[in-house]
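Structure, as structure tokens:
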Amino acid sequence: MTKQSKELISYSLPYGWTLLTPADLIITTNGDGYVIAAANYGMNHFEQLILSVTGEQAQIISVPHQLLELTISITKEIIYRPLDFSSAE
């Protein structure tokens, strides 16, 4: 089993939401509330989480195949950890 202990960093998202995710992800947002968190772990292993956030809700548009954790809280905090096979021992 792989060790998934990367430290999470915080990104401010539209409408007061916060995303906590590993630093090696690419985070893209727009003014309409769409959020993409993309991971590229090489060898054509490209995973992305797509969300739509508003003042009242966070909606999952697309979820990656390899997911370690995805938590959405009522305090407008989203925690996303993709499963990272690049650090396998």
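Residues in the structure tokens are named by chain (A, B, ... in the order shown) and by number from 1 within that chain; ligands are numbered from 1 in the order shown.
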Go through chain A and collect every residue that DSSP, computed from the backbone, puts in strand (DSSP E); the answer should be as a JSON list (two decimals) with C-alpha atoms, in the first residue's frame.
[["chain", "number", "residue", "atom", "x", "y", "z"],
["A", 8, "LEU", "CA", -2.46, 19.95, 2.23],
["A", 9, "ILE", "CA", -2.49, 23.60, 1.21],
["A", 10, "SER", "CA", -5.49, 25.93, 1.09],
["A", 11, "TYR", "CA", -6.93, 27.61, -2.02],
["A", 12, "SER", "CA", -9.63, 30.30, -1.88],
["A", 18, "THR", "CA", -11.97, 26.78, 0.47],
["A", 19, "LEU", "CA", -10.20, 23.84, -1.18],
["A", 20, "LEU", "CA", -7.57, 21.87, 0.76],
["A", 21, "THR", "CA", -5.46, 19.69, -1.51],
["A", 22, "PRO", "CA", -1.84, 18.60, -2.10],
["A", 26, "ILE", "CA", -3.18, 22.35, -10.72],
["A", 27, "ILE", "CA", -6.18, 24.38, -9.51],
["A", 28, "THR", "CA", -8.22, 26.45, -11.98],
["A", 29, "THR", "CA", -11.34, 28.50, -11.22],
["A", 34, "TYR", "CA", -16.39, 26.18, -11.78],
["A", 35, "VAL", "CA", -13.33, 24.59, -10.18],
["A", 36, "ILE", "CA", -10.92, 22.08, -11.72],
["A", 37, "ALA", "CA", -8.33, 20.30, -9.60],
["A", 38, "ALA", "CA", -6.03, 18.36, -11.93],
["A", 39, "ALA", "CA", -3.22, 15.92, -11.15],
["A", 40, "ASN", "CA", -0.69, 14.75, -13.70],
["A", 46, "PHE", "CA", -4.13, 12.46, -15.71],
["A", 47, "GLU", "CA", -6.88, 12.77, -13.08],
["A", 48, "GLN", "CA", -9.23, 15.70, -12.52],
["A", 49, "LEU", "CA", -12.00, 16.72, -10.17],
["A", 50, "ILE", "CA", -14.53, 19.22, -11.56],
["A", 51, "LEU", "CA", -16.84, 21.10, -9.20],
["A", 52, "SER", "CA", -19.44, 23.82, -9.50],
["A", 53, "VAL", "CA", -19.75, 26.02, -6.40],
["A", 58, "ALA", "CA", -20.96, 22.53, -4.13],
["A", 59, "GLN", "CA", -21.85, 20.15, -6.94],
["A", 60, "ILE", "CA", -19.54, 17.42, -8.24],
["A", 61, "ILE", "CA", -19.47, 17.51, -12.04],
["A", 62, "SER", "CA", -16.74, 14.94, -12.61],
["A", 67, "LEU", "CA", -9.76, 8.95, -5.28],
["A", 68, "LEU", "CA", -8.34, 8.78, -1.77],
["A", 69, "GLU", "CA", -10.54, 11.43, -0.12],
["A", 70, "LEU", "CA", -13.26, 13.90, -1.09],
["A", 71, "THR", "CA", -15.02, 15.70, 1.75],
["A", 72, "ILE", "CA", -17.42, 18.63, 1.42],
["A", 77, "GLU", "CA", -14.53, 23.53, 3.05],
["A", 78, "ILE", "CA", -13.63, 20.93, 0.42],
["A", 79, "ILE", "CA", -10.84, 18.41, 1.05],
["A", 80, "TYR", "CA", -9.59, 16.55, -2.01],
["A", 81, "ARG", "CA", -6.79, 13.99, -2.08],
["A", 82, "PRO", "CA", -6.25, 11.99, -5.27]]
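Each of A:Val63, A:Glu7, A:Ile74, A:Gly55 was compared to Ala23 (chain A) using only C-alpha atoms, and A:Glu7 turns out to be the nearest.
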Exercise for the section: Using DSSP on the backbone, list every residue of chain A that comes out as helix (DSSP H, G or I), and give them as JSON, numbers by chain. Expected result: {"A": [14, 15, 16, 85, 86, 87]}
Residue selection dump (N, CA and C atoms) as a short mmCIF file (atom, residue, chain, number, x, y, z; two decimals), in the first residue's frame:
data_model
loop_
_atom_site.label_atom_id
_atom_site.label_comp_id
_atom_site.auth_asym_id
_atom_site.auth_seq_id
_atom_site.Cartn_x
_atom_site.Cartn_y
_atom_site.Cartn_z
N PRO A 14 -14.30 30.69 -5.41
CA PRO A 14 -15.42 31.63 -5.47
C PRO A 14 -16.48 31.34 -4.41
N TYR A 15 -17.25 32.36 -4.06
CA TYR A 15 -18.39 32.26 -3.14
C TYR A 15 -18.00 31.84 -1.73
N GLY A 16 -16.75 32.09 -1.32
CA GLY A 16 -16.33 31.81 0.04
C GLY A 16 -15.93 30.39 0.35
N PHE A 85 -0.11 7.31 -7.27
CA PHE A 85 0.72 6.12 -7.47
C PHE A 85 2.18 6.45 -7.78
N SER A 86 2.47 7.72 -8.01
CA SER A 86 3.85 8.10 -8.35
C SER A 86 4.80 7.97 -7.18
N SER A 87 4.26 7.94 -5.94
CA SER A 87 5.11 7.83 -4.76
C SER A 87 5.11 6.42 -4.19
#
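Here CA of Leu13 (chain A) stands at a distance of 14.7 Å from CA of Leu25 (chain A).
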